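This is run_24.cif. It holds mmCIF, N, CA and C atoms.
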```cif
data_work
#
loop_
_atom_site.label_atom_id
_atom_site.label_comp_id
_atom_site.auth_asym_id
_atom_site.auth_seq_id
_atom_site.Cartn_x
_atom_site.Cartn_y
_atom_site.Cartn_z
N MET A 4 27.61 -93.52 -43.40
CA MET A 4 28.38 -92.31 -43.18
C MET A 4 29.53 -92.67 -42.24
N SER A 5 30.73 -92.28 -42.61
CA SER A 5 31.90 -92.60 -41.78
C SER A 5 32.00 -91.62 -40.61
N LEU A 6 32.82 -91.99 -39.63
CA LEU A 6 33.02 -91.13 -38.47
C LEU A 6 33.70 -89.83 -38.88
N SER A 7 34.62 -89.90 -39.82
CA SER A 7 35.30 -88.70 -40.30
C SER A 7 34.33 -87.73 -40.98
N THR A 8 33.44 -88.27 -41.80
CA THR A 8 32.43 -87.44 -42.45
C THR A 8 31.49 -86.82 -41.42
N SER A 9 31.12 -87.61 -40.43
CA SER A 9 30.23 -87.10 -39.37
C SER A 9 30.88 -85.94 -38.63
N ARG A 10 32.16 -86.07 -38.36
CA ARG A 10 32.87 -84.98 -37.67
C ARG A 10 32.94 -83.72 -38.53
N THR A 11 33.15 -83.89 -39.83
CA THR A 11 33.19 -82.74 -40.73
C THR A 11 31.82 -82.06 -40.78
N ILE A 12 30.77 -82.85 -40.85
CA ILE A 12 29.41 -82.29 -40.86
C ILE A 12 29.15 -81.51 -39.58
N LEU A 13 29.54 -82.07 -38.44
CA LEU A 13 29.34 -81.38 -37.16
C LEU A 13 30.14 -80.09 -37.09
N LYS A 14 31.34 -80.10 -37.67
CA LYS A 14 32.17 -78.89 -37.66
C LYS A 14 31.53 -77.79 -38.50
N VAL A 15 31.11 -78.12 -39.69
CA VAL A 15 30.48 -77.14 -40.58
C VAL A 15 29.16 -76.65 -39.98
N ALA A 16 28.34 -77.57 -39.48
CA ALA A 16 27.06 -77.20 -38.89
C ALA A 16 27.27 -76.35 -37.64
N GLY A 17 28.32 -76.64 -36.88
CA GLY A 17 28.60 -75.84 -35.69
C GLY A 17 28.94 -74.41 -36.03
N VAL A 18 29.75 -74.22 -37.06
CA VAL A 18 30.10 -72.87 -37.49
C VAL A 18 28.86 -72.14 -38.02
N LEU A 19 28.04 -72.84 -38.82
CA LEU A 19 26.80 -72.24 -39.33
C LEU A 19 25.86 -71.86 -38.19
N SER A 20 25.78 -72.70 -37.16
CA SER A 20 24.92 -72.39 -36.01
C SER A 20 25.41 -71.17 -35.26
N LEU A 21 26.73 -71.05 -35.11
CA LEU A 21 27.28 -69.87 -34.43
C LEU A 21 27.00 -68.60 -35.23
N ILE A 22 27.14 -68.67 -36.54
CA ILE A 22 26.84 -67.51 -37.39
C ILE A 22 25.36 -67.16 -37.29
N GLY A 23 24.51 -68.18 -37.35
CA GLY A 23 23.07 -67.95 -37.22
C GLY A 23 22.71 -67.37 -35.86
N ALA A 24 23.39 -67.82 -34.81
CA ALA A 24 23.13 -67.30 -33.46
C ALA A 24 23.45 -65.81 -33.38
N VAL A 25 24.54 -65.40 -34.02
CA VAL A 25 24.91 -63.98 -34.00
C VAL A 25 23.85 -63.15 -34.71
N PHE A 26 23.40 -63.60 -35.89
CA PHE A 26 22.37 -62.85 -36.62
C PHE A 26 21.05 -62.83 -35.85
N THR A 27 20.70 -63.93 -35.21
CA THR A 27 19.46 -63.97 -34.43
C THR A 27 19.55 -63.06 -33.22
N LEU A 28 20.71 -63.03 -32.58
CA LEU A 28 20.91 -62.12 -31.44
C LEU A 28 20.78 -60.67 -31.87
N ILE A 29 21.38 -60.32 -33.00
CA ILE A 29 21.27 -58.95 -33.52
C ILE A 29 19.81 -58.61 -33.83
N THR A 30 19.09 -59.56 -34.42
CA THR A 30 17.68 -59.33 -34.72
C THR A 30 16.87 -59.14 -33.44
N GLY A 31 17.16 -59.94 -32.43
CA GLY A 31 16.46 -59.79 -31.15
C GLY A 31 16.71 -58.44 -30.51
N ILE A 32 17.95 -57.98 -30.58
CA ILE A 32 18.28 -56.66 -30.03
C ILE A 32 17.57 -55.57 -30.81
N LEU A 33 17.53 -55.70 -32.14
CA LEU A 33 16.82 -54.71 -32.95
C LEU A 33 15.32 -54.70 -32.66
N VAL A 34 14.75 -55.87 -32.38
CA VAL A 34 13.32 -55.93 -32.02
C VAL A 34 13.10 -55.20 -30.70
N ILE A 35 14.01 -55.41 -29.74
CA ILE A 35 13.87 -54.73 -28.45
C ILE A 35 13.97 -53.22 -28.63
N VAL A 36 15.01 -52.77 -29.35
CA VAL A 36 15.21 -51.33 -29.54
C VAL A 36 14.09 -50.73 -30.39
N GLY A 37 13.76 -51.38 -31.50
CA GLY A 37 12.70 -50.87 -32.38
C GLY A 37 11.34 -50.91 -31.72
N GLY A 38 11.07 -51.99 -30.99
CA GLY A 38 9.79 -52.09 -30.30
C GLY A 38 9.64 -51.06 -29.20
N ALA A 39 10.72 -50.85 -28.45
CA ALA A 39 10.68 -49.84 -27.39
C ALA A 39 10.52 -48.45 -27.99
N GLY A 40 11.21 -48.20 -29.10
CA GLY A 40 11.08 -46.90 -29.77
C GLY A 40 9.68 -46.69 -30.31
N ALA A 41 9.11 -47.74 -30.88
CA ALA A 41 7.75 -47.62 -31.42
C ALA A 41 6.74 -47.41 -30.30
N LEU A 42 6.94 -48.09 -29.19
CA LEU A 42 6.01 -47.94 -28.07
C LEU A 42 6.15 -46.58 -27.40
N ALA A 43 7.37 -45.99 -27.46
CA ALA A 43 7.60 -44.70 -26.82
C ALA A 43 7.21 -43.53 -27.72
N SER A 44 7.19 -43.75 -29.02
CA SER A 44 6.87 -42.69 -29.97
C SER A 44 5.41 -42.26 -29.80
N THR A 45 5.20 -40.97 -29.81
CA THR A 45 3.83 -40.48 -29.63
C THR A 45 2.95 -40.82 -30.82
N ASP A 46 3.55 -40.80 -32.03
CA ASP A 46 2.76 -41.14 -33.22
C ASP A 46 2.36 -42.62 -33.19
N MET A 47 3.33 -43.47 -32.86
CA MET A 47 3.06 -44.90 -32.83
C MET A 47 2.21 -45.27 -31.63
N ALA A 48 2.36 -44.55 -30.53
CA ALA A 48 1.60 -44.88 -29.32
C ALA A 48 0.11 -44.77 -29.58
N SER A 49 -0.29 -43.77 -30.35
CA SER A 49 -1.73 -43.64 -30.63
C SER A 49 -2.22 -44.77 -31.51
N GLU A 50 -1.38 -45.22 -32.47
CA GLU A 50 -1.77 -46.34 -33.32
C GLU A 50 -1.75 -47.65 -32.55
N LEU A 51 -0.73 -47.82 -31.68
CA LEU A 51 -0.62 -49.06 -30.92
C LEU A 51 -1.61 -49.13 -29.77
N ALA A 52 -2.24 -48.00 -29.45
CA ALA A 52 -3.25 -48.01 -28.40
C ALA A 52 -4.42 -48.90 -28.79
N ASN A 53 -4.65 -49.03 -30.09
CA ASN A 53 -5.75 -49.87 -30.58
C ASN A 53 -5.36 -51.34 -30.67
N VAL A 54 -4.05 -51.64 -30.54
CA VAL A 54 -3.57 -53.02 -30.63
C VAL A 54 -3.52 -53.60 -29.21
N PRO A 55 -4.32 -54.62 -28.95
CA PRO A 55 -4.29 -55.19 -27.60
C PRO A 55 -2.96 -55.90 -27.33
N ASN A 56 -2.43 -55.67 -26.17
CA ASN A 56 -1.21 -56.33 -25.71
C ASN A 56 0.00 -56.09 -26.62
N ALA A 57 0.16 -54.89 -27.14
CA ALA A 57 1.28 -54.58 -28.04
C ALA A 57 2.61 -54.74 -27.31
N LYS A 58 2.67 -54.30 -26.05
CA LYS A 58 3.92 -54.42 -25.29
C LYS A 58 4.27 -55.89 -25.08
N ILE A 59 3.28 -56.68 -24.78
CA ILE A 59 3.53 -58.11 -24.56
C ILE A 59 4.01 -58.77 -25.85
N ALA A 60 3.44 -58.37 -26.98
CA ALA A 60 3.85 -58.94 -28.27
C ALA A 60 5.31 -58.62 -28.57
N VAL A 61 5.73 -57.37 -28.30
CA VAL A 61 7.12 -56.98 -28.55
C VAL A 61 8.05 -57.77 -27.64
N ILE A 62 7.69 -57.86 -26.37
CA ILE A 62 8.52 -58.59 -25.41
C ILE A 62 8.60 -60.07 -25.77
N ALA A 63 7.48 -60.66 -26.16
CA ALA A 63 7.46 -62.07 -26.53
C ALA A 63 8.30 -62.34 -27.77
N ALA A 64 8.20 -61.45 -28.76
CA ALA A 64 9.00 -61.62 -29.98
C ALA A 64 10.49 -61.54 -29.67
N ALA A 65 10.86 -60.55 -28.86
CA ALA A 65 12.27 -60.39 -28.49
C ALA A 65 12.76 -61.57 -27.67
N ALA A 66 11.95 -62.01 -26.71
CA ALA A 66 12.35 -63.15 -25.87
C ALA A 66 12.51 -64.41 -26.72
N GLY A 67 11.60 -64.63 -27.65
CA GLY A 67 11.71 -65.80 -28.53
C GLY A 67 12.98 -65.78 -29.35
N LEU A 68 13.32 -64.62 -29.88
CA LEU A 68 14.55 -64.50 -30.67
C LEU A 68 15.79 -64.70 -29.81
N LEU A 69 15.79 -64.16 -28.60
CA LEU A 69 16.95 -64.31 -27.72
C LEU A 69 17.12 -65.76 -27.27
N ILE A 70 16.02 -66.45 -27.02
CA ILE A 70 16.10 -67.87 -26.66
C ILE A 70 16.61 -68.68 -27.84
N ALA A 71 16.11 -68.38 -29.03
CA ALA A 71 16.58 -69.09 -30.24
C ALA A 71 18.07 -68.85 -30.46
N ALA A 72 18.53 -67.62 -30.21
CA ALA A 72 19.95 -67.31 -30.36
C ALA A 72 20.78 -68.10 -29.35
N ALA A 73 20.30 -68.21 -28.13
CA ALA A 73 21.02 -68.96 -27.10
C ALA A 73 21.11 -70.44 -27.45
N VAL A 74 20.00 -71.02 -27.92
CA VAL A 74 20.00 -72.44 -28.30
C VAL A 74 20.93 -72.66 -29.49
N ALA A 75 20.89 -71.79 -30.48
CA ALA A 75 21.77 -71.93 -31.66
C ALA A 75 23.23 -71.79 -31.26
N PHE A 76 23.52 -70.88 -30.33
CA PHE A 76 24.90 -70.69 -29.88
C PHE A 76 25.40 -71.96 -29.17
N ILE A 77 24.59 -72.49 -28.26
CA ILE A 77 24.98 -73.71 -27.54
C ILE A 77 25.10 -74.88 -28.51
N GLU A 78 24.17 -74.97 -29.46
CA GLU A 78 24.24 -76.04 -30.47
C GLU A 78 25.53 -75.95 -31.27
N GLY A 79 25.91 -74.74 -31.64
CA GLY A 79 27.16 -74.56 -32.39
C GLY A 79 28.38 -74.98 -31.60
N ILE A 80 28.45 -74.56 -30.35
CA ILE A 80 29.59 -74.93 -29.49
C ILE A 80 29.65 -76.44 -29.29
N ILE A 81 28.51 -77.05 -28.98
CA ILE A 81 28.47 -78.50 -28.74
C ILE A 81 28.82 -79.26 -30.03
N SER A 82 28.33 -78.79 -31.16
CA SER A 82 28.66 -79.46 -32.43
C SER A 82 30.15 -79.40 -32.72
N LEU A 83 30.74 -78.24 -32.45
CA LEU A 83 32.20 -78.12 -32.65
C LEU A 83 32.96 -79.04 -31.70
N LYS A 84 32.52 -79.13 -30.46
CA LYS A 84 33.18 -80.03 -29.51
C LYS A 84 33.01 -81.49 -29.93
N ALA A 85 31.81 -81.84 -30.40
CA ALA A 85 31.56 -83.22 -30.82
C ALA A 85 32.36 -83.58 -32.07
N SER A 86 32.72 -82.56 -32.85
CA SER A 86 33.53 -82.85 -34.05
C SER A 86 34.96 -83.25 -33.67
N ARG A 87 35.36 -82.93 -32.45
CA ARG A 87 36.71 -83.27 -31.99
C ARG A 87 36.73 -84.39 -30.94
N HIS A 88 35.65 -84.50 -30.14
CA HIS A 88 35.63 -85.46 -29.05
C HIS A 88 34.31 -86.23 -29.07
N ASN A 89 34.42 -87.55 -29.15
CA ASN A 89 33.23 -88.40 -29.24
C ASN A 89 32.31 -88.27 -28.04
N ARG A 90 32.84 -87.92 -26.88
CA ARG A 90 32.02 -87.89 -25.65
C ARG A 90 30.92 -86.82 -25.71
N TYR A 91 31.01 -85.86 -26.64
CA TYR A 91 29.98 -84.83 -26.79
C TYR A 91 28.90 -85.21 -27.80
N GLY A 92 28.94 -86.45 -28.28
CA GLY A 92 27.98 -86.89 -29.28
C GLY A 92 26.54 -86.86 -28.80
N THR A 93 26.31 -87.26 -27.55
CA THR A 93 24.94 -87.26 -27.02
C THR A 93 24.40 -85.84 -26.91
N ALA A 94 25.22 -84.92 -26.41
CA ALA A 94 24.78 -83.52 -26.28
C ALA A 94 24.50 -82.93 -27.66
N ALA A 95 25.34 -83.25 -28.64
CA ALA A 95 25.12 -82.76 -30.00
C ALA A 95 23.83 -83.32 -30.57
N LEU A 96 23.54 -84.58 -30.26
CA LEU A 96 22.30 -85.19 -30.73
C LEU A 96 21.09 -84.50 -30.10
N VAL A 97 21.15 -84.22 -28.81
CA VAL A 97 20.04 -83.54 -28.12
C VAL A 97 19.80 -82.16 -28.73
N PHE A 98 20.87 -81.39 -28.93
CA PHE A 98 20.69 -80.05 -29.49
C PHE A 98 20.32 -80.11 -30.98
N GLY A 99 20.75 -81.14 -31.68
CA GLY A 99 20.31 -81.32 -33.06
C GLY A 99 18.82 -81.58 -33.13
N ILE A 100 18.31 -82.37 -32.19
CA ILE A 100 16.87 -82.64 -32.14
C ILE A 100 16.11 -81.37 -31.74
N LEU A 101 16.65 -80.59 -30.79
CA LEU A 101 16.02 -79.32 -30.42
C LEU A 101 15.96 -78.37 -31.62
N GLY A 102 17.03 -78.32 -32.40
CA GLY A 102 17.04 -77.50 -33.60
C GLY A 102 16.02 -77.97 -34.61
N PHE A 103 15.86 -79.28 -34.72
CA PHE A 103 14.87 -79.85 -35.65
C PHE A 103 13.46 -79.49 -35.20
N VAL A 104 13.18 -79.60 -33.91
CA VAL A 104 11.86 -79.24 -33.38
C VAL A 104 11.58 -77.75 -33.62
N SER A 105 12.60 -76.92 -33.40
CA SER A 105 12.46 -75.49 -33.65
C SER A 105 12.17 -75.22 -35.12
N LEU A 106 12.82 -75.95 -35.99
CA LEU A 106 12.59 -75.79 -37.43
C LEU A 106 11.17 -76.20 -37.80
N ILE A 107 10.67 -77.27 -37.21
CA ILE A 107 9.31 -77.71 -37.49
C ILE A 107 8.32 -76.61 -37.09
N SER A 108 8.57 -75.95 -35.95
CA SER A 108 7.68 -74.85 -35.56
C SER A 108 7.75 -73.70 -36.56
N SER A 109 8.92 -73.46 -37.13
CA SER A 109 9.05 -72.43 -38.17
C SER A 109 8.27 -72.80 -39.43
N VAL A 110 8.33 -74.07 -39.79
CA VAL A 110 7.58 -74.54 -40.96
C VAL A 110 6.09 -74.34 -40.73
N ILE A 111 5.61 -74.71 -39.55
CA ILE A 111 4.19 -74.56 -39.24
C ILE A 111 3.78 -73.09 -39.29
N THR A 112 4.62 -72.22 -38.71
CA THR A 112 4.33 -70.78 -38.74
C THR A 112 4.29 -70.26 -40.16
N THR A 113 5.22 -70.71 -40.99
CA THR A 113 5.26 -70.28 -42.38
C THR A 113 4.02 -70.73 -43.14
N VAL A 114 3.62 -71.98 -42.92
CA VAL A 114 2.45 -72.50 -43.61
C VAL A 114 1.18 -71.77 -43.15
N LYS A 115 1.07 -71.53 -41.85
CA LYS A 115 -0.11 -70.82 -41.34
C LYS A 115 -0.14 -69.38 -41.82
N GLY A 116 1.05 -68.76 -41.94
CA GLY A 116 1.11 -67.37 -42.39
C GLY A 116 0.97 -67.23 -43.89
N GLY A 117 1.14 -68.31 -44.62
CA GLY A 117 0.98 -68.29 -46.06
C GLY A 117 2.14 -67.64 -46.80
N ASP A 118 3.30 -67.55 -46.15
CA ASP A 118 4.46 -66.93 -46.79
C ASP A 118 5.24 -67.98 -47.56
N PHE A 119 4.87 -68.16 -48.82
CA PHE A 119 5.50 -69.18 -49.65
C PHE A 119 6.45 -68.57 -50.67
N SER A 120 7.22 -67.57 -50.24
CA SER A 120 8.18 -66.98 -51.16
C SER A 120 9.31 -67.98 -51.41
N ALA A 121 9.97 -67.83 -52.54
CA ALA A 121 11.05 -68.75 -52.91
C ALA A 121 12.18 -68.72 -51.88
N THR A 122 12.50 -67.54 -51.41
CA THR A 122 13.58 -67.40 -50.42
C THR A 122 13.24 -68.15 -49.15
N ASN A 123 12.01 -68.00 -48.70
CA ASN A 123 11.58 -68.65 -47.46
C ASN A 123 11.59 -70.17 -47.61
N ILE A 124 11.12 -70.66 -48.72
CA ILE A 124 11.07 -72.11 -48.94
C ILE A 124 12.47 -72.68 -49.05
N VAL A 125 13.36 -72.02 -49.77
CA VAL A 125 14.75 -72.48 -49.89
C VAL A 125 15.42 -72.49 -48.52
N SER A 126 15.19 -71.45 -47.74
CA SER A 126 15.77 -71.37 -46.40
C SER A 126 15.29 -72.52 -45.52
N LEU A 127 14.00 -72.80 -45.57
CA LEU A 127 13.45 -73.89 -44.75
C LEU A 127 13.99 -75.25 -45.19
N VAL A 128 14.08 -75.46 -46.50
CA VAL A 128 14.57 -76.75 -47.01
C VAL A 128 16.04 -76.94 -46.64
N LEU A 129 16.86 -75.90 -46.82
CA LEU A 129 18.28 -76.02 -46.44
C LEU A 129 18.44 -76.25 -44.95
N SER A 130 17.66 -75.55 -44.15
CA SER A 130 17.72 -75.75 -42.69
C SER A 130 17.31 -77.17 -42.33
N LEU A 131 16.30 -77.69 -43.00
CA LEU A 131 15.86 -79.06 -42.75
C LEU A 131 16.96 -80.06 -43.09
N VAL A 132 17.60 -79.90 -44.24
CA VAL A 132 18.67 -80.80 -44.65
C VAL A 132 19.83 -80.73 -43.66
N ILE A 133 20.22 -79.53 -43.26
CA ILE A 133 21.33 -79.38 -42.32
C ILE A 133 20.99 -80.02 -40.98
N ASN A 134 19.76 -79.82 -40.49
CA ASN A 134 19.37 -80.43 -39.21
C ASN A 134 19.34 -81.95 -39.28
N ILE A 135 18.87 -82.49 -40.38
CA ILE A 135 18.86 -83.95 -40.53
C ILE A 135 20.29 -84.47 -40.55
N LEU A 136 21.19 -83.79 -41.26
CA LEU A 136 22.59 -84.21 -41.29
C LEU A 136 23.24 -84.12 -39.91
N VAL A 137 22.92 -83.07 -39.14
CA VAL A 137 23.48 -82.93 -37.80
C VAL A 137 23.01 -84.07 -36.90
N VAL A 138 21.73 -84.40 -36.97
CA VAL A 138 21.21 -85.50 -36.15
C VAL A 138 21.88 -86.82 -36.54
N MET A 139 22.02 -87.05 -37.84
CA MET A 139 22.67 -88.28 -38.29
C MET A 139 24.14 -88.33 -37.86
N ALA A 140 24.85 -87.21 -38.03
CA ALA A 140 26.27 -87.17 -37.67
C ALA A 140 26.46 -87.31 -36.16
N ALA A 141 25.64 -86.63 -35.39
CA ALA A 141 25.75 -86.72 -33.93
C ALA A 141 25.44 -88.13 -33.46
N SER A 142 24.50 -88.76 -34.11
CA SER A 142 24.17 -90.14 -33.77
C SER A 142 25.35 -91.06 -34.03
N LYS A 143 26.04 -90.84 -35.13
CA LYS A 143 27.23 -91.64 -35.48
C LYS A 143 28.34 -91.42 -34.46
N VAL A 144 28.59 -90.17 -34.08
CA VAL A 144 29.64 -89.86 -33.11
C VAL A 144 29.26 -90.45 -31.75
N ARG A 145 27.99 -90.37 -31.40
CA ARG A 145 27.51 -90.92 -30.13
C ARG A 145 27.72 -92.44 -30.09
N SER A 146 27.38 -93.11 -31.18
CA SER A 146 27.56 -94.57 -31.20
C SER A 146 29.04 -94.95 -31.19
N ALA A 147 29.89 -94.12 -31.79
CA ALA A 147 31.33 -94.38 -31.74
C ALA A 147 31.83 -94.27 -30.30
N TYR A 148 31.30 -93.32 -29.56
CA TYR A 148 31.70 -93.15 -28.16
C TYR A 148 31.22 -94.34 -27.33
N LYS A 149 29.99 -94.78 -27.59
CA LYS A 149 29.43 -95.90 -26.82
C LYS A 149 30.16 -97.21 -27.10
N THR A 150 30.68 -97.38 -28.31
CA THR A 150 31.41 -98.61 -28.64
C THR A 150 32.88 -98.52 -28.28
N GLY A 151 33.30 -97.37 -27.78
CA GLY A 151 34.68 -97.25 -27.30
C GLY A 151 35.69 -96.84 -28.34
N ILE A 152 35.24 -96.32 -29.47
CA ILE A 152 36.17 -95.85 -30.49
C ILE A 152 36.80 -94.56 -29.98
N GLU A 153 38.09 -94.48 -30.05
CA GLU A 153 38.82 -93.33 -29.51
C GLU A 153 38.65 -92.11 -30.41
N GLU A 154 38.98 -90.99 -29.83
CA GLU A 154 38.87 -89.69 -30.50
C GLU A 154 39.58 -89.79 -31.78
#
```
Show the structure stored in the file as structure tokens.
Amino acid sequence: MSLSTSRTILKVAGVLSLIGAVFTLITGILVIVGGAGALASTDMASELANVPNAKIAVIAAAAGLLIAAAVAFIEGIISLKASRHNRYGTAALVFGILGFVSLISSVITTVKGGDFSATNIVSLVLSLVINILVVMAASKVRSAYKTGIEE
């Protein structure tokens, strides 16, 4: 893979990460609002009274989504910077690996939950391919920086 191709991959992946971060942030906010509304509703309160730690589950789900949104946002910014400047290659590699680890946890959750819908499988496979490409591209940019190749 050439340095030019690596930069293009990082640019496209960075934009996709930023878009994904926005959608994840919106989902996290909806979980907070919807969860708070469900917990405050008198009808739902009686049903949720039987669910142990319902408040903790809502808070944990929202926190997980907000953390994922923050990591995706930082990954997108760093990938875009690495597409222009070789010195950000190491940071892009680190966040690419973090994204890959996050994806692996999603795969495990999907397998344990038994949700093998076509949409879910396609989404996981595409995310896996994009993460592998980001790690490869960031590695190439990082090695270009270490060998002294200019921007």
Answer key for the PyMOL selection byres ((chain A and resi 85-95) around 7), residues as a PyMOL selection string: chain A and resi 9-11+13-14+78+80-84+96-100+137-138+141-149+153-154
Can you list what the PyMOL selection byres (((chain A and resi 35 and name CA) around 12) and name CA) grabs from this structure, as a ChimeraX atom specification? /A:28-34,36-43,58-69
Selected residues, N, CA and C atoms, written as a PDB file, in the coordinates of the input, please.
```
ATOM      1  N   LEU A  28      20.710 -63.030 -32.580  1.00  0.00           N
ATOM      2  CA  LEU A  28      20.910 -62.120 -31.440  1.00  0.00           C
ATOM      3  C   LEU A  28      20.780 -60.670 -31.870  1.00  0.00           C
ATOM      4  N   ILE A  29      21.380 -60.320 -33.000  1.00  0.00           N
ATOM      5  CA  ILE A  29      21.270 -58.950 -33.520  1.00  0.00           C
ATOM      6  C   ILE A  29      19.810 -58.610 -33.830  1.00  0.00           C
ATOM      7  N   THR A  30      19.090 -59.560 -34.420  1.00  0.00           N
ATOM      8  CA  THR A  30      17.680 -59.330 -34.720  1.00  0.00           C
ATOM      9  C   THR A  30      16.870 -59.140 -33.440  1.00  0.00           C
ATOM     10  N   GLY A  31      17.160 -59.940 -32.430  1.00  0.00           N
ATOM     11  CA  GLY A  31      16.460 -59.790 -31.150  1.00  0.00           C
ATOM     12  C   GLY A  31      16.710 -58.440 -30.510  1.00  0.00           C
ATOM     13  N   ILE A  32      17.950 -57.980 -30.580  1.00  0.00           N
ATOM     14  CA  ILE A  32      18.280 -56.660 -30.030  1.00  0.00           C
ATOM     15  C   ILE A  32      17.570 -55.570 -30.810  1.00  0.00           C
ATOM     16  N   LEU A  33      17.530 -55.700 -32.140  1.00  0.00           N
ATOM     17  CA  LEU A  33      16.820 -54.710 -32.950  1.00  0.00           C
ATOM     18  C   LEU A  33      15.320 -54.700 -32.660  1.00  0.00           C
ATOM     19  N   VAL A  34      14.750 -55.870 -32.380  1.00  0.00           N
ATOM     20  CA  VAL A  34      13.320 -55.930 -32.020  1.00  0.00           C
ATOM     21  C   VAL A  34      13.100 -55.200 -30.700  1.00  0.00           C
ATOM     22  N   VAL A  36      15.010 -52.770 -29.350  1.00  0.00           N
ATOM     23  CA  VAL A  36      15.210 -51.330 -29.540  1.00  0.00           C
ATOM     24  C   VAL A  36      14.090 -50.730 -30.390  1.00  0.00           C
ATOM     25  N   GLY A  37      13.760 -51.380 -31.500  1.00  0.00           N
ATOM     26  CA  GLY A  37      12.700 -50.870 -32.380  1.00  0.00           C
ATOM     27  C   GLY A  37      11.340 -50.910 -31.720  1.00  0.00           C
ATOM     28  N   GLY A  38      11.070 -51.990 -30.990  1.00  0.00           N
ATOM     29  CA  GLY A  38       9.790 -52.090 -30.300  1.00  0.00           C
ATOM     30  C   GLY A  38       9.640 -51.060 -29.200  1.00  0.00           C
ATOM     31  N   ALA A  39      10.720 -50.850 -28.450  1.00  0.00           N
ATOM     32  CA  ALA A  39      10.680 -49.840 -27.390  1.00  0.00           C
ATOM     33  C   ALA A  39      10.520 -48.450 -27.990  1.00  0.00           C
ATOM     34  N   GLY A  40      11.210 -48.200 -29.100  1.00  0.00           N
ATOM     35  CA  GLY A  40      11.080 -46.900 -29.770  1.00  0.00           C
ATOM     36  C   GLY A  40       9.680 -46.690 -30.310  1.00  0.00           C
ATOM     37  N   ALA A  41       9.110 -47.740 -30.880  1.00  0.00           N
ATOM     38  CA  ALA A  41       7.750 -47.620 -31.420  1.00  0.00           C
ATOM     39  C   ALA A  41       6.740 -47.410 -30.300  1.00  0.00           C
ATOM     40  N   LEU A  42       6.940 -48.090 -29.190  1.00  0.00           N
ATOM     41  CA  LEU A  42       6.010 -47.940 -28.070  1.00  0.00           C
ATOM     42  C   LEU A  42       6.150 -46.580 -27.400  1.00  0.00           C
ATOM     43  N   ALA A  43       7.370 -45.990 -27.460  1.00  0.00           N
ATOM     44  CA  ALA A  43       7.600 -44.700 -26.820  1.00  0.00           C
ATOM     45  C   ALA A  43       7.210 -43.530 -27.720  1.00  0.00           C
ATOM     46  N   LYS A  58       2.670 -54.300 -26.050  1.00  0.00           N
ATOM     47  CA  LYS A  58       3.920 -54.420 -25.290  1.00  0.00           C
ATOM     48  C   LYS A  58       4.270 -55.890 -25.080  1.00  0.00           C
ATOM     49  N   ILE A  59       3.280 -56.680 -24.780  1.00  0.00           N
ATOM     50  CA  ILE A  59       3.530 -58.110 -24.560  1.00  0.00           C
ATOM     51  C   ILE A  59       4.010 -58.770 -25.850  1.00  0.00           C
ATOM     52  N   ALA A  60       3.440 -58.370 -26.980  1.00  0.00           N
ATOM     53  CA  ALA A  60       3.850 -58.940 -28.270  1.00  0.00           C
ATOM     54  C   ALA A  60       5.310 -58.620 -28.570  1.00  0.00           C
ATOM     55  N   VAL A  61       5.730 -57.370 -28.300  1.00  0.00           N
ATOM     56  CA  VAL A  61       7.120 -56.980 -28.550  1.00  0.00           C
ATOM     57  C   VAL A  61       8.050 -57.770 -27.640  1.00  0.00           C
ATOM     58  N   ILE A  62       7.690 -57.860 -26.370  1.00  0.00           N
ATOM     59  CA  ILE A  62       8.520 -58.590 -25.410  1.00  0.00           C
ATOM     60  C   ILE A  62       8.600 -60.070 -25.770  1.00  0.00           C
ATOM     61  N   ALA A  63       7.480 -60.660 -26.160  1.00  0.00           N
ATOM     62  CA  ALA A  63       7.460 -62.070 -26.530  1.00  0.00           C
ATOM     63  C   ALA A  63       8.300 -62.340 -27.770  1.00  0.00           C
ATOM     64  N   ALA A  64       8.200 -61.450 -28.760  1.00  0.00           N
ATOM     65  CA  ALA A  64       9.000 -61.620 -29.980  1.00  0.00           C
ATOM     66  C   ALA A  64      10.490 -61.540 -29.670  1.00  0.00           C
ATOM     67  N   ALA A  65      10.860 -60.550 -28.860  1.00  0.00           N
ATOM     68  CA  ALA A  65      12.270 -60.390 -28.490  1.00  0.00           C
ATOM     69  C   ALA A  65      12.760 -61.570 -27.670  1.00  0.00           C
ATOM     70  N   ALA A  66      11.950 -62.010 -26.710  1.00  0.00           N
ATOM     71  CA  ALA A  66      12.350 -63.150 -25.870  1.00  0.00           C
ATOM     72  C   ALA A  66      12.510 -64.410 -26.720  1.00  0.00           C
ATOM     73  N   GLY A  67      11.600 -64.630 -27.650  1.00  0.00           N
ATOM     74  CA  GLY A  67      11.710 -65.800 -28.530  1.00  0.00           C
ATOM     75  C   GLY A  67      12.980 -65.780 -29.350  1.00  0.00           C
ATOM     76  N   LEU A  68      13.320 -64.620 -29.880  1.00  0.00           N
ATOM     77  CA  LEU A  68      14.550 -64.500 -30.670  1.00  0.00           C
ATOM     78  C   LEU A  68      15.790 -64.700 -29.810  1.00  0.00           C
ATOM     79  N   LEU A  69      15.790 -64.160 -28.600  1.00  0.00           N
ATOM     80  CA  LEU A  69      16.950 -64.310 -27.720  1.00  0.00           C
ATOM     81  C   LEU A  69      17.120 -65.760 -27.270  1.00  0.00           C
TER      82      LEU A  69
END
```
For a test of reading the model, state the distance in Å between atom N of Val25 in chain A and CA of Gly102 in chain A, rounded to one decimal. 14.2 Å
So the first atom is atom N of Ile70 in chain A and the second is CA of Val114 in chain A; what is the distance between them in Å, to one decimal place? 22.3 Å
In Å and to one decimal, atom N of Ile111 in chain A is distant from atom N of Met4 in chain A by 29.2 Å
